[in-house]
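A.B. asks: Coordinates in upload-v7.txt, compact mmCIF, C-alpha atoms and all ligand atoms, are listed below.
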# COMPACT_ATOMS: atom_id res chain seq x y z
CA MET A 1 0.00 0.00 0.00
CA ARG A 2 1.26 3.52 -0.82
CA LYS A 3 2.28 5.44 2.30
CA LEU A 4 0.33 8.67 2.87
CA LYS A 5 2.32 11.89 2.73
CA THR A 6 2.55 13.47 6.19
CA ALA A 7 2.08 17.12 7.07
CA LEU A 8 2.15 19.19 10.24
CA VAL A 9 0.21 22.46 10.45
CA CYS A 10 1.38 24.75 13.26
CA GLY A 11 -1.48 27.18 13.91
CA ASP A 12 -4.26 24.74 12.91
CA GLY A 13 -6.57 26.53 15.37
CA GLY A 14 -6.23 29.73 13.35
CA PHE A 15 -7.92 31.00 10.21
CA ILE A 16 -5.47 30.01 7.46
CA GLY A 17 -4.24 26.90 9.31
CA ALA A 18 -7.72 25.40 9.69
CA HIS A 19 -8.49 25.98 6.00
CA LEU A 20 -5.11 24.56 5.00
CA VAL A 21 -5.72 21.37 6.96
CA LYS A 22 -8.99 20.85 5.04
CA GLN A 23 -7.09 21.34 1.78
CA LEU A 24 -4.31 18.92 2.73
CA LYS A 25 -6.86 16.31 3.77
CA MET A 26 -8.62 16.67 0.40
CA GLU A 27 -5.25 16.06 -1.25
CA GLY A 28 -4.80 12.84 0.75
CA PHE A 29 -2.22 13.86 3.38
CA TRP A 30 -2.09 12.47 6.89
CA VAL A 31 -2.19 15.68 8.93
CA ARG A 32 -1.24 16.65 12.47
CA GLY A 33 -2.37 20.04 13.75
CA VAL A 34 -1.07 21.96 16.73
CA ASP A 35 -2.32 25.14 18.36
CA LEU A 36 -3.14 26.73 21.70
CA LYS A 37 -6.79 26.23 20.82
CA TYR A 38 -9.09 24.25 18.57
CA PRO A 39 -10.45 26.01 15.48
CA PRO A 40 -13.32 28.12 16.89
CA PHE A 41 -15.77 27.80 13.99
CA ALA A 42 -15.59 24.19 12.79
CA SER A 43 -14.12 20.98 14.13
CA THR A 44 -10.57 20.29 13.00
CA LYS A 45 -10.13 17.97 10.04
CA ALA A 46 -6.66 16.92 11.24
CA ASP A 47 -6.02 13.24 11.89
CA ASP A 48 -4.23 14.19 15.07
CA PHE A 49 -4.55 17.50 16.92
CA ILE A 50 -2.29 18.54 19.76
CA ILE A 51 -3.24 21.38 22.06
CA GLY A 52 0.02 22.98 23.09
CA ASP A 53 2.22 26.03 23.28
CA LEU A 54 4.87 26.18 20.57
CA ARG A 55 6.94 28.56 22.72
CA ASP A 56 7.66 25.48 24.81
CA LYS A 57 10.67 23.65 23.37
CA ASP A 58 9.71 20.28 24.87
CA LEU A 59 6.25 20.49 23.35
CA VAL A 60 7.78 21.28 19.95
CA TRP A 61 10.08 18.23 20.12
CA ASN A 62 7.04 16.07 20.90
CA VAL A 63 5.01 17.56 18.05
CA ILE A 64 7.83 17.39 15.49
CA ASP A 65 8.74 13.82 16.37
CA GLN A 66 9.35 12.54 12.84
CA ASN A 67 10.60 13.58 9.43
CA PHE A 68 7.28 15.00 8.15
CA ASP A 69 7.07 15.42 4.39
CA GLU A 70 5.78 18.96 4.92
CA VAL A 71 5.58 21.35 7.87
CA TYR A 72 3.56 24.56 7.64
CA GLN A 73 4.57 27.16 10.23
CA LEU A 74 1.56 29.50 10.51
CA ALA A 75 1.40 29.96 14.28
CA ALA A 76 1.96 33.56 15.37
CA ASP A 77 0.76 36.08 17.89
CA MET A 78 -1.08 38.28 15.42
CA GLY A 79 -4.15 40.31 14.57
CA GLY A 80 -5.38 43.27 12.54
CA ALA A 81 -4.45 46.95 12.94
CA GLY A 82 -6.25 47.13 16.28
CA PHE A 83 -3.80 44.57 17.63
CA ILE A 84 -0.58 45.27 15.71
CA PHE A 85 -0.49 49.06 15.39
CA THR A 86 -1.50 50.24 18.85
CA GLY A 87 1.99 49.54 20.23
CA ASN A 88 0.45 47.88 23.28
CA ASN A 89 1.25 44.33 22.18
CA ASP A 90 4.71 44.77 20.63
CA ALA A 91 6.76 42.92 23.25
CA ASP A 92 4.43 39.91 23.23
CA ILE A 93 4.18 39.85 19.43
CA MET A 94 7.97 39.79 19.02
CA HIS A 95 8.76 37.48 21.91
CA ASN A 96 5.99 34.94 21.32
CA SER A 97 6.34 34.63 17.55
CA ALA A 98 10.16 34.60 17.58
CA LEU A 99 10.19 31.82 20.19
CA ILE A 100 7.75 29.76 18.12
CA ASN A 101 9.88 30.17 15.00
CA LEU A 102 13.17 29.46 16.80
CA ASN A 103 11.76 26.23 18.23
CA VAL A 104 10.03 25.05 15.07
CA VAL A 105 12.89 25.65 12.63
CA LYS A 106 15.42 23.87 14.86
CA ALA A 107 13.20 20.83 15.40
CA CYS A 108 12.44 20.64 11.65
CA CYS A 109 16.16 20.61 10.96
CA VAL A 110 17.07 17.97 13.55
CA ARG A 111 14.13 15.71 12.60
CA LYS A 112 15.05 16.10 8.92
CA VAL A 113 11.67 17.41 7.83
CA LYS A 114 11.59 17.36 4.04
CA LYS A 115 10.00 20.78 3.35
CA VAL A 116 9.01 23.69 5.58
CA PHE A 117 6.65 26.55 4.76
CA TYR A 118 7.02 29.82 6.65
CA SER A 119 4.24 32.43 6.57
CA SER A 120 5.71 35.91 6.44
CA SER A 121 3.75 39.08 5.78
CA ALA A 122 3.41 42.15 3.58
CA CYS A 123 4.05 44.03 6.84
CA ILE A 124 7.80 43.52 6.27
CA TYR A 125 7.84 46.13 3.47
CA PRO A 126 9.40 49.53 4.22
CA GLU A 127 7.07 52.23 5.45
CA HIS A 128 8.72 54.86 3.24
CA ASN A 129 7.66 52.96 0.08
CA GLN A 130 4.01 52.92 1.11
CA MET A 131 3.28 56.58 1.83
CA ASN A 132 1.43 57.17 -1.45
CA PRO A 133 -1.96 55.42 -1.37
CA ASN A 134 -2.03 55.23 -5.18
CA ASP A 135 1.47 53.94 -5.82
CA PRO A 136 2.87 51.67 -3.09
CA LEU A 137 5.99 49.61 -3.78
CA THR A 138 5.98 45.96 -2.67
CA SER A 139 8.25 44.13 -5.09
CA GLU A 140 10.06 41.43 -3.12
CA GLU A 141 13.53 43.00 -3.39
CA SER A 142 12.20 46.38 -2.17
CA ALA A 143 12.18 44.88 1.35
CA TYR A 144 15.73 46.26 1.76
CA PRO A 145 16.96 48.55 3.22
CA ALA A 146 14.41 47.39 5.77
CA ASN A 147 12.02 49.76 7.50
CA PRO A 148 8.78 47.98 8.48
CA ASP A 149 6.26 50.17 10.32
CA SER A 150 5.51 47.63 13.06
CA GLU A 151 7.33 45.28 15.41
CA TYR A 152 5.16 42.54 13.91
CA GLY A 153 6.85 43.27 10.56
CA TRP A 154 10.33 43.28 12.12
CA GLU A 155 9.72 39.90 13.73
CA LYS A 156 8.51 38.48 10.41
CA LEU A 157 11.65 39.79 8.71
CA PHE A 158 13.89 38.32 11.44
CA SER A 159 12.16 34.96 11.05
CA GLU A 160 12.49 35.02 7.25
CA HIS A 161 16.25 35.34 7.84
CA LEU A 162 16.13 32.63 10.49
CA PHE A 163 14.51 30.12 8.13
CA LEU A 164 16.82 31.14 5.27
CA ALA A 165 19.88 30.68 7.52
CA PHE A 166 18.79 27.08 8.21
CA LYS A 167 18.38 26.59 4.48
CA LYS A 168 21.87 27.93 3.83
CA ASN A 169 23.73 26.16 6.62
CA TYR A 170 21.73 22.92 7.01
CA GLU A 171 20.04 22.51 3.61
CA LEU A 172 16.57 22.65 5.15
CA ASP A 173 14.15 22.98 2.21
CA VAL A 174 12.39 26.21 3.20
CA ARG A 175 9.57 28.04 1.36
CA ILE A 176 8.59 31.59 2.36
CA ALA A 177 5.47 33.52 1.38
CA ARG A 178 4.55 37.08 2.28
CA PHE A 179 0.76 37.08 2.66
CA HIS A 180 -1.21 40.24 1.92
CA ASN A 181 -4.42 40.60 3.99
CA VAL A 182 -6.09 37.21 3.74
CA PHE A 183 -9.83 37.07 4.46
CA GLY A 184 -12.83 34.78 4.20
CA PRO A 185 -15.35 32.74 6.18
CA GLU A 186 -14.14 31.21 9.46
CA GLY A 187 -11.69 34.07 10.03
CA THR A 188 -11.58 36.16 13.20
CA TRP A 189 -14.42 38.68 13.00
CA ILE A 190 -14.80 39.96 16.56
CA GLY A 191 -12.72 40.32 19.70
CA GLY A 192 -10.02 42.85 18.72
CA ARG A 193 -7.79 40.76 16.42
CA GLU A 194 -10.07 40.96 13.36
CA LYS A 195 -8.89 42.66 10.16
CA ALA A 196 -10.65 45.30 8.07
CA PRO A 197 -12.87 43.09 5.81
CA ALA A 198 -14.26 41.08 8.72
CA ALA A 199 -14.57 44.15 10.96
CA PHE A 200 -16.62 46.03 8.32
CA CYS A 201 -18.75 42.98 7.55
CA ARG A 202 -19.57 42.78 11.25
CA LYS A 203 -20.23 46.52 11.71
CA ILE A 204 -22.42 46.66 8.61
CA ALA A 205 -24.32 43.50 9.50
CA GLU A 206 -25.03 44.91 12.96
CA ALA A 207 -26.02 48.42 11.80
CA GLU A 208 -29.59 49.35 11.00
CA ASP A 209 -30.14 50.70 7.51
CA GLY A 210 -29.81 54.50 7.42
CA THR A 211 -27.58 54.70 10.50
CA MET A 212 -23.79 54.99 10.74
CA ILE A 213 -20.59 52.97 11.12
CA GLU A 214 -17.19 54.12 12.35
CA MET A 215 -13.94 53.82 10.38
CA TRP A 216 -10.37 54.51 11.54
CA GLY A 217 -8.74 57.25 9.44
CA ASN A 218 -10.11 59.10 6.42
CA GLY A 219 -10.67 55.90 4.43
CA ASN A 220 -8.38 57.01 1.59
CA GLN A 221 -5.68 54.55 2.64
CA THR A 222 -5.55 51.64 0.17
CA ARG A 223 -5.12 47.89 0.56
CA SER A 224 -5.66 44.70 -1.42
CA PHE A 225 -7.34 41.62 0.07
CA LEU A 226 -6.80 37.97 -0.79
CA TYR A 227 -9.60 35.44 -0.55
CA ILE A 228 -8.65 32.38 1.48
CA ASP A 229 -9.11 29.87 -1.37
CA GLU A 230 -6.52 31.65 -3.47
CA CYS A 231 -4.15 31.89 -0.52
CA LEU A 232 -4.29 28.09 -0.25
CA ILE A 233 -3.58 27.68 -3.97
CA GLY A 234 -0.56 29.94 -3.65
CA ILE A 235 0.78 28.08 -0.61
CA ARG A 236 0.46 24.69 -2.29
CA LYS A 237 2.02 25.91 -5.54
CA LEU A 238 5.00 27.31 -3.68
CA MET A 239 5.42 24.05 -1.76
CA ASP A 240 5.19 22.01 -4.96
CA SER A 241 7.65 24.15 -6.88
CA ALA A 242 10.76 22.27 -7.90
CA ASP A 243 13.26 24.91 -6.89
CA PHE A 244 11.64 28.27 -6.18
CA PHE A 245 11.56 29.06 -2.46
CA GLY A 246 10.75 32.77 -2.25
CA PRO A 247 10.25 34.95 -0.33
CA VAL A 248 7.32 35.71 -2.61
CA ASN A 249 4.18 37.80 -2.29
CA ILE A 250 0.93 35.84 -2.11
CA GLY A 251 -1.68 38.54 -2.46
CA SER A 252 -4.23 40.20 -4.69
CA ASN A 253 -3.40 43.27 -6.75
CA GLU A 254 -6.98 44.60 -6.71
CA MET A 255 -6.17 47.68 -4.65
CA VAL A 256 -9.07 49.65 -3.14
CA PRO A 257 -9.41 52.58 -0.73
CA ILE A 258 -10.88 51.44 2.59
CA ASN A 259 -13.90 53.70 1.94
CA GLN A 260 -14.60 51.64 -1.18
CA LEU A 261 -14.17 48.38 0.74
CA ALA A 262 -16.87 49.50 3.18
CA GLU A 263 -19.13 50.69 0.35
CA MET A 264 -18.79 47.34 -1.44
CA ILE A 265 -19.91 45.55 1.71
CA MET A 266 -22.82 47.97 2.16
CA GLY A 267 -23.86 47.12 -1.40
CA ILE A 268 -23.78 43.40 -0.60
CA ALA A 269 -25.77 44.00 2.60
CA GLY A 270 -28.25 46.26 0.79
CA LYS A 271 -27.73 49.00 3.38
CA ASN A 272 -27.05 52.70 3.06
CA LEU A 273 -24.88 53.80 5.98
CA GLU A 274 -22.97 56.96 6.75
CA ILE A 275 -19.25 56.49 7.46
CA LYS A 276 -17.96 58.40 10.48
CA HIS A 277 -14.18 58.78 10.30
CA ILE A 278 -12.48 58.58 13.67
CA GLU A 279 -8.89 58.37 14.93
CA GLY A 280 -7.42 54.91 15.19
CA PRO A 281 -4.43 52.72 14.38
CA LEU A 282 -3.86 52.72 10.62
CA GLY A 283 -0.59 51.30 9.28
CA VAL A 284 0.82 52.48 5.95
CA GLN A 285 -1.06 54.74 3.52
CA GLY A 286 -1.08 52.30 0.61
CA ARG A 287 -0.40 48.61 -0.04
CA THR A 288 -1.10 46.09 -2.74
CA SER A 289 0.62 42.92 -3.88
CA ASP A 290 3.23 43.16 -6.63
CA ASN A 291 2.70 39.86 -8.43
CA THR A 292 5.52 40.07 -10.97
CA LEU A 293 7.66 37.46 -9.24
CA ILE A 294 4.93 34.92 -8.46
CA LYS A 295 3.74 35.07 -12.10
CA LYS A 296 7.26 34.52 -13.35
CA LYS A 297 8.23 31.73 -10.95
CA LEU A 298 4.93 29.89 -10.34
CA ASN A 299 3.14 30.86 -13.53
CA TRP A 300 0.13 31.90 -11.46
CA GLU A 301 -1.37 34.83 -9.59
CA PRO A 302 -4.64 35.37 -7.70
CA THR A 303 -7.47 36.58 -9.94
CA ALA A 304 -10.69 36.21 -7.91
CA SER A 305 -12.63 39.44 -7.52
CA LEU A 306 -12.74 41.14 -4.15
CA LYS A 307 -16.52 41.42 -4.42
CA ASP A 308 -17.01 37.65 -4.70
CA GLY A 309 -14.90 37.01 -1.61
CA LEU A 310 -16.63 39.77 0.33
CA GLU A 311 -20.05 38.30 -0.49
CA LYS A 312 -19.09 34.92 0.97
CA THR A 313 -17.50 36.53 4.01
CA TYR A 314 -20.39 38.91 4.66
CA TYR A 315 -23.01 36.16 4.45
CA TRP A 316 -20.97 33.98 6.84
CA ILE A 317 -20.52 36.75 9.43
CA ASN A 318 -24.11 37.95 9.06
CA ALA A 319 -25.38 34.41 9.67
CA ARG A 320 -23.36 34.21 12.90
CA ILE A 321 -24.78 37.51 14.08
CA GLN A 322 -28.33 36.47 13.22
CA ASP A 323 -27.79 33.16 15.05
CA ASN A 324 -26.20 35.03 17.96
CA VAL A 325 -23.40 32.46 18.14
CA ASN A 326 -20.80 32.84 20.89
CA HIS A 327 -17.27 31.47 20.63
CA ASP A 328 -14.26 30.70 22.68
CA TYR A 329 -11.48 32.67 21.02
CA GLY A 330 -8.66 30.99 22.92
CA SER A 331 -5.86 32.84 24.65
CA ILE A 332 -2.21 33.40 23.89
CA ASN A 333 -1.05 34.66 27.28
P1 LIG B 401 -4.58 33.35 13.22
O1 LIG B 401 -4.30 34.29 14.34
O2 LIG B 401 -5.98 33.04 12.88
O3 LIG B 401 -3.80 31.98 13.46
C1 LIG B 401 -2.59 31.90 14.17
C2 LIG B 401 -2.73 30.76 15.14
O4 LIG B 401 -1.49 30.63 15.86
C3 LIG B 401 -3.83 30.98 16.20
O5 LIG B 401 -4.79 29.96 16.13
C4 LIG B 401 -3.08 30.96 17.51
O6 LIG B 401 -3.79 30.37 18.57
C5 LIG B 401 -1.83 30.17 17.14
N1 LIG B 401 -0.76 30.43 18.10
C6 LIG B 401 -0.32 31.63 18.53
N2 LIG B 401 0.62 31.47 19.47
C7 LIG B 401 0.78 30.13 19.60
C8 LIG B 401 1.60 29.34 20.44
N3 LIG B 401 2.45 29.90 21.32
N4 LIG B 401 1.53 28.00 20.35
C9 LIG B 401 0.65 27.42 19.48
N5 LIG B 401 -0.15 28.12 18.66
C10 LIG B 401 -0.10 29.46 18.74
O7 LIG B 401 -3.80 33.96 11.96
P2 LIG B 401 -3.95 33.60 10.42
O8 LIG B 401 -4.69 34.72 9.79
O9 LIG B 401 -4.42 32.22 10.25
O10 LIG B 401 -2.43 33.74 9.96
C11 LIG B 401 -1.58 32.59 9.83
C12 LIG B 401 -0.15 33.08 9.61
O11 LIG B 401 -0.10 33.91 8.44
C13 LIG B 401 0.41 33.92 10.74
O12 LIG B 401 1.77 33.62 10.90
C14 LIG B 401 0.26 35.34 10.26
O13 LIG B 401 1.20 36.21 10.85
C15 LIG B 401 0.49 35.16 8.76
N6 LIG B 401 -0.15 36.23 7.99
C16 LIG B 401 -1.52 36.30 7.96
C17 LIG B 401 -2.13 37.31 7.23
C18 LIG B 401 -3.62 37.42 7.18
O14 LIG B 401 -4.10 38.36 6.53
N7 LIG B 401 -4.40 36.54 7.77
C19 LIG B 401 -1.35 38.25 6.55
C20 LIG B 401 0.04 38.15 6.62
C21 LIG B 401 0.63 37.12 7.33
Represent the structure contained in this file as structure tokens.

C.D. replies:
Amino acid sequence: MRKLKTALVCGDGGFIGAHLVKQLKMEGFWVRGVDLKYPPFASTKADDFIIGDLRDKDLVWNVIDQNFDEVYQLAADMGGAGFIFTGNNDADIMHNSALINLNVVKACCVRKVKKVFYSSSACIYPEHNQMNPNDPLTSEESAYPANPDSEYGWEKLFSEHLFLAFKKNYELDVRIARFHNVFGPEGTWIGGREKAPAAFCRKIAEAEDGTMIEMWGNGNQTRSFLYIDECLIGIRKLMDSADFFGPVNIGSNEMVPINQLAEMIMGIAGKNLEIKHIEGPLGVQGRTSDNTLIKKKLNWEPTASLKDGLEKTYYWINARIQDNVNHDYGSIN
């Protein structure tokens, strides 16, 4: 009988991790998941799920106890602007995520894991290249000289180097993607760690027609948003590539002002709401994914329309609000 390929997903309790496990199961992998918490919105599809703290070296040695065919390192102390850009969580973000990465990369190397995926972020790109909302620069090589606008971004950059150092010195087969704002059903939508698409879906679903929602900043800042299904395609293509390891952007290049994002969701909801602009944590003025490299190396780029993804996400969040469903969001402290 043919042996199943084995995969470990670190961060299986999170948004992208839980979706990735479903994908790997559909492809026929035997999958182990590990996280501080179970996925909050659907039961895990992993064959084996370990609740544990990846900052703990002993736990990591127990989880990475074999030469997995593939390890996906998605676990991180992270959230949207309300978590990353307030400055209040910087020490925890850096310390927690760096410890996870230090433990995971070492264990992968010693256990001779065959391929390791590391999830970096568009937040590594220099602030000074993203001041113009209409013309941000995010080509992969523009990461240097480095100047991310958050400690979250600095930690991601450090960990990119960490994984690449293990590739250079120990021939660990490492793949690195820089995700740009991934969204979709079963993502965090309440509690302070949610990102803009989910936050606006929630606010708009909760608002009565003709009333008002609040938005941080003037809404002219731009972003692009990647639907989860296309994120998974990008991850798997990078892992299956014969020799391309990145770092590479996995993101959409459909850039929209945040005002337009909110208006698109209002259109889906069939509501007419006033936007009240208030002060809040913002991040850079403009960002979208430069897909030149991914097209060249993987012969692919995301093409799904933002509107389609927003529809699915809005209906999912709206249904949860209508059902008044409560969740345990887990804890990282
Ligand atoms: P998420 O917060 O939903 O998932 C991360 C998971 O890591 C959580 O379930 C959390 O419990 C787990 N975790 C945190 N600390 C842990 C610990 N000490 N031990 C075990 N598990 C721990 O985030 P996501 O959106 O699924 O993102 C996955 C990865 O992709 C993260 O590394 C994130 O930084 C990166 N990323 C995501 C986006 C995005 O838009 N979602 C953008 C750029 C980069």

A.B. asks: With only C-alpha atoms and all ligand atoms counted and 6 Å as the cut-off, give the residues of chain A in contact with ligand LIG 401 (chain B), each with its shortest interatomic distance in Å and the pair that gives it, as JSON lines.

C.D. replies:
{"residue": "A:Gly11", "atom": "CA", "partner": "B:LIG401", "partner_atom": "O4", "distance": 4.0}
{"residue": "A:Gly13", "atom": "CA", "partner": "B:LIG401", "partner_atom": "O5", "distance": 3.9}
{"residue": "A:Gly14", "atom": "CA", "partner": "B:LIG401", "partner_atom": "O5", "distance": 3.1}
{"residue": "A:Phe15", "atom": "CA", "partner": "B:LIG401", "partner_atom": "O9", "distance": 3.7}
{"residue": "A:Ile16", "atom": "CA", "partner": "B:LIG401", "partner_atom": "O9", "distance": 3.7}
{"residue": "A:Gly17", "atom": "CA", "partner": "B:LIG401", "partner_atom": "O9", "distance": 5.4}
{"residue": "A:Asp35", "atom": "CA", "partner": "B:LIG401", "partner_atom": "N5", "distance": 3.7}
{"residue": "A:Leu36", "atom": "CA", "partner": "B:LIG401", "partner_atom": "C9", "distance": 4.4}
{"residue": "A:Lys37", "atom": "CA", "partner": "B:LIG401", "partner_atom": "O6", "distance": 5.6}
{"residue": "A:Gly52", "atom": "CA", "partner": "B:LIG401", "partner_atom": "C9", "distance": 5.8}
{"residue": "A:Asp53", "atom": "CA", "partner": "B:LIG401", "partner_atom": "N4", "distance": 3.6}
{"residue": "A:Leu54", "atom": "CA", "partner": "B:LIG401", "partner_atom": "N4", "distance": 3.8}
{"residue": "A:Arg55", "atom": "CA", "partner": "B:LIG401", "partner_atom": "N3", "distance": 4.9}
{"residue": "A:Leu74", "atom": "CA", "partner": "B:LIG401", "partner_atom": "C12", "distance": 4.1}
{"residue": "A:Ala75", "atom": "CA", "partner": "B:LIG401", "partner_atom": "O4", "distance": 3.4}
{"residue": "A:Ala76", "atom": "CA", "partner": "B:LIG401", "partner_atom": "C6", "distance": 4.3}
{"residue": "A:Asp77", "atom": "CA", "partner": "B:LIG401", "partner_atom": "C6", "distance": 4.6}
{"residue": "A:Met78", "atom": "CA", "partner": "B:LIG401", "partner_atom": "O1", "distance": 5.2}
{"residue": "A:Ser119", "atom": "CA", "partner": "B:LIG401", "partner_atom": "O11", "distance": 5.0}
{"residue": "A:Ser120", "atom": "CA", "partner": "B:LIG401", "partner_atom": "C21", "distance": 5.3}
{"residue": "A:Ser121", "atom": "CA", "partner": "B:LIG401", "partner_atom": "C20", "distance": 3.9}
{"residue": "A:Phe179", "atom": "CA", "partner": "B:LIG401", "partner_atom": "C20", "distance": 4.2}
{"residue": "A:His180", "atom": "CA", "partner": "B:LIG401", "partner_atom": "C19", "distance": 5.0}
{"residue": "A:Asn181", "atom": "CA", "partner": "B:LIG401", "partner_atom": "O14", "distance": 3.4}
{"residue": "A:Val182", "atom": "CA", "partner": "B:LIG401", "partner_atom": "O14", "distance": 3.6}
{"residue": "A:Ile332", "atom": "CA", "partner": "B:LIG401", "partner_atom": "N2", "distance": 5.6}

A.B. asks: Which residue is closest to Pro39 of chain A? Choose from A:Asp135, A:Gly187, A:Leu172, A:Met26 and count only C-alpha atoms.

C.D. replies: A:Gly187

A.B. asks: Which residues come within 7 Å of segment 152-155 of chain A, counting only C-alpha atoms, excluding same-chain residues fewer than 2 positions away, as a ChimeraX atom specification?

C.D. replies: /A:84,93-94,98,123-124,148-150,157-159

A.B. asks: Using only C-alpha atoms, pick whichever of A:Lys167, A:Lys156, A:Lys307, A:His128 has the shortest atom-to-atom distance to Asn96 of chain A.

C.D. replies: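 The shortest atom-to-atom distance to Asn96 of chain A comes from A:Lys156.
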
A.B. asks: Mind pulling up the distance from atom CA of Leu102 of chain A to atom CA of Phe245 of chain A?

C.D. replies: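 Separation of atom CA of Phe245 of chain A and atom CA of Leu102 of chain A: 19.3 Å.
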
A.B. asks: With all atoms listed in the file as the basis for distance, which of A:Ile268, A:Ile50, A:Leu137, A:Ile176 is at the shortest distance from Leu306 of chain A?

C.D. replies: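 The closest residue to Leu306 of chain A is A:Ile268.
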